[in-house]
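See structure below.
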Amino acid sequence: MAQHFSLAACDVVGFDLDHTLCRYNLPESARLVYNSFAQFLVKEKGYDKELLTVTPEDWDFCCKGLALDLEDGSFIKLADNGTVLRASRGTKMVAAQALAEEYGSKEWKHFMMDTETASRSGKYYFYDNYFDLPGALLCARVVDYLTKQNNGQKTFDFWKDIIAAIQHNYKMSAFKENCGIYFPEIKRDPGKYVHRCPESVKKWLRQLKNAGKILLLITSSHSDYCRLLCEYILGNDFPDLFDVIITNALKPGFFSHLPSQRPFWTLENDEEQEALPSLDKPGWYSQGNAVHLYELLKKMTGKAEPKVAYFGDSMHSDIFPARHYRNWETVLILEELREDRDGTAEESEPLEKKGKYEEPKSKPLNTLSKKWGSFFVDSISGLENTEDSLVYTWSCKRISTYSTIAIPSIEAIAELSLDYKFTRFSSNNSKIAGYYPNPPLVLSSAEEAKMKER
């Protein structure tokens with residue numbers, strides 16, 4: 001494989017919407033997601049009202065890459081070889097000695113190296129995006145509550161209530177019906193929760209179109225919510241930027257399912273109308289599958305194997321399936337890279353919003369967790385006379401395995417020429433090669449330490 005990646009060499013450029021083209025104001029959006037679920041649990045399922053109160057310090061629990069064991073309510077952070085680096089029971093961290101006794105140096109019982117089932121199961125749940133993370137904090141606090149209520153019980157049955165909360169707030173009709181808390185609040189004040197795309201990004205999208213690239217928007221959000229977001233961040237003429245728009249894509253199944261399992265549907269007034277045997281022309285569609293989409297792209301480009309690059313923020317829904325099933329080039333949007341080289345978070349709100357919302361500031365979800373440590377690396381705490389050893393996390397390994405490159409935002413590359421040559425991740429390069437513009441400082445330091453060991 002070539003050492004470099006260039007958009008100029010791609011025929012098709014596709015985008016996820018949420019947390020990719022559309023950047024959220026993370027402290028505000030996290031609070032909204034949390035409250036959407038917590039209100040439902042308290043009002044509809046009888047959970048304790050304490051769940052409704054969240055302090056700024058509570059958000060430190062959130063860290064991408066955690067797995068929740070749905071049986072015993074423990075959260076774990078995995079090393080690249082599947083061993084457990086850190087764990088908690090609810091929000092209470094497990095001490096190093098107890099961690100070693102319980103998990104030792106063996107693989108976590110549910111660990112599956114690199115398969116499509118490695119992110120979701122009836123027994124565990126991986127948190128890998130910013131819509132998920134507020135739910136991690138909520139679930140941890142639910143475990144705390146149930147443990148206290150039931151004299152330290154070791155098994156729990158709360159996940160069905162979490163699923164019910166998700167369904168209540170995000171079901172297909174929720175936007176139109178003004179149901180739940182999430183959509184009504186976004187509709188009321190989108191500017192509180194999402195950032196408009198800067199002019200540089202709009203210009204870049206037009207530049208891609210003018211260069212003859214086919215542009216795709218593939219999102220699991222429904223068409224009405226997609227339209228609201230895109231009109232706010234890109235303008236009312238946003239459909240003109242994209243050749244094909246696919247909403248309610250139900251990723252990752254969009255990439256992995258057979259056409260017979262997931263046909264495209266026509267849309268009228270945001271309602272699905274007719275299932276299509278194939279995809280014959282550009283337009284706006286619902287659901288669908290990557291096989292039929294690729295057949296259309298062949299027709300549109302006149303090429304037997306058009307080269308596709310896809311931008312997304314979720315390893316589970318975007319990056320892994322697009323690479324694993326379709327062998328597309330994948331650009332991971334990784335907001336953890338928005339931290340500067342000193343480790344301080346970039347300003348998360350536009351200047352004009354300063355002072356508008358006076359609640360105590362929460363830790364942005366893309367910043368370092370004191371409880372869980374780095375998203376990229378960690379140390380195995382040595383017992384007695386052994387030294388700590390630095391290891392890469394499972395999340396970090398998946399980034400370098402399935403991403404072509406990783407960037408903090410689309411804005412970060414919008415002013416580069418389309419033929420800019422990015423150094424890609426590959427087995428021949430180091431684990432930091434594909435990060436643009438710079439790898440996280442903690443990763444650079446880890447690479448240096450590993451080189452010295454050799």
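Residues in the structure tokens are numbered from 1 in each chain, the chains being A, B, ... in the order shown, and ligands are numbered from 1 in the order shown.
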Can you list, as a PDB file with C-alpha atoms, in the first residue's frame, every protein, DNA or RNA residue that comes within 12 Å of A:Ala164 when you count only C-alpha atoms, leaving out same-chain residues fewer than 6 positions away?
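What ended up in selection.pdb:
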```pdb
ATOM      1  CA  SER A  36     -32.917  13.229  28.003  1.00  0.00           C
ATOM      2  CA  PHE A  37     -32.232   9.765  29.391  1.00  0.00           C
ATOM      3  CA  ALA A  38     -32.190  10.606  33.102  1.00  0.00           C
ATOM      4  CA  PHE A  40     -37.095   9.303  31.381  1.00  0.00           C
ATOM      5  CA  LEU A  41     -35.598   6.906  33.963  1.00  0.00           C
ATOM      6  CA  GLU A  44     -41.185   6.719  33.663  1.00  0.00           C
ATOM      7  CA  LYS A  45     -39.161   3.993  35.406  1.00  0.00           C
ATOM      8  CA  PHE A 158     -31.155  -1.893  34.072  1.00  0.00           C
ATOM      9  CA  TYR A 170     -34.644   9.042  19.336  1.00  0.00           C
ATOM     10  CA  LYS A 171     -37.369   6.956  17.674  1.00  0.00           C
ATOM     11  CA  GLY A 180     -38.906  13.396  24.546  1.00  0.00           C
TER      12      GLY A 180
END
```
**Message:** Can you tell me which residues surround A:Ile432 at a distance of at most 12 Å, considering only C-alpha atoms, apart from same-chain residues fewer than 5 positions away, and format the answer as a VMD selection string?
**Reply:** chain A and resid 376 to 377 392 396 to 397 399 to 401 403 to 407 423 to 427 437 to 448
**Asked** Any idea what the distance is between atom CA of A:Ala211 and atom CA of A:Lys298?
**Response**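 Here the two named atoms are 17.6 Å from each other.
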**Item:** Distance of atom CA of A:Ser369 from atom CA of A:Tyr310, expressed in Å to one decimal place
**Value:**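 One can read the atom CA of A:Tyr310 to atom CA of A:Ser369 distance as 28.9 Å.
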**Asked** Can you list, as a ChimeraX atom specification, every protein, DNA or RNA residue that comes within 8 Å of stretch 124-137 of chain A when you count only C-alpha atoms, leaving out same-chain residues fewer than 4 positions away?
**Response** /A:19,26,30-31,33-34,37,58-59,61-71,91,110,119-120,141,313-316,365
**Item:** Among the residues A:Cys230, A:Ile319, A:Leu332, A:Ile380, the one that comes closest to A:Gly434 [using only C-alpha atoms]
**Value:**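 For A:Gly434, the nearest of the candidates is A:Leu332.
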**Message:** Applying 7 Å and only C-alpha atoms, which residues near A:Thr83 remain after dropping the ones on its own chain fewer than 2 positions away? List them as a list in words.
**Reply:** Leu78, Ala79, Asn81, Leu85, Ser105, Lys106, Glu107 and Trp108 of chain A
**Prompt:** In stretch 126-204 of chain A, what's helix (DSSP H, G or I) per DSSP? Answer as a PyMOL selection string?
**Reply:** chain A and resi 133-149+159-170+174-177+182-188+190-193+199-204
**Item:** Minimum-distance residue to A:Asp11, chosen among A:Lys281, A:Arg188, A:Lys303, A:His257 (using only C-alpha atoms)
**Value:** A:Lys303
**Request:** Rounded to one decimal place, report the atom CA of A:Ser286-atom CA of A:Glu272 distance in Å.
**Result:**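 Pair atom CA of A:Ser286 / atom CA of A:Glu272 returns 6.9 Å.
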**10 Å contact set for A:Ile186, only C-alpha atoms, chain neighbours under 5 positions out, as number ranges by chain** = A: 29, 32, 175, 181, 191-194, 225, 228-229
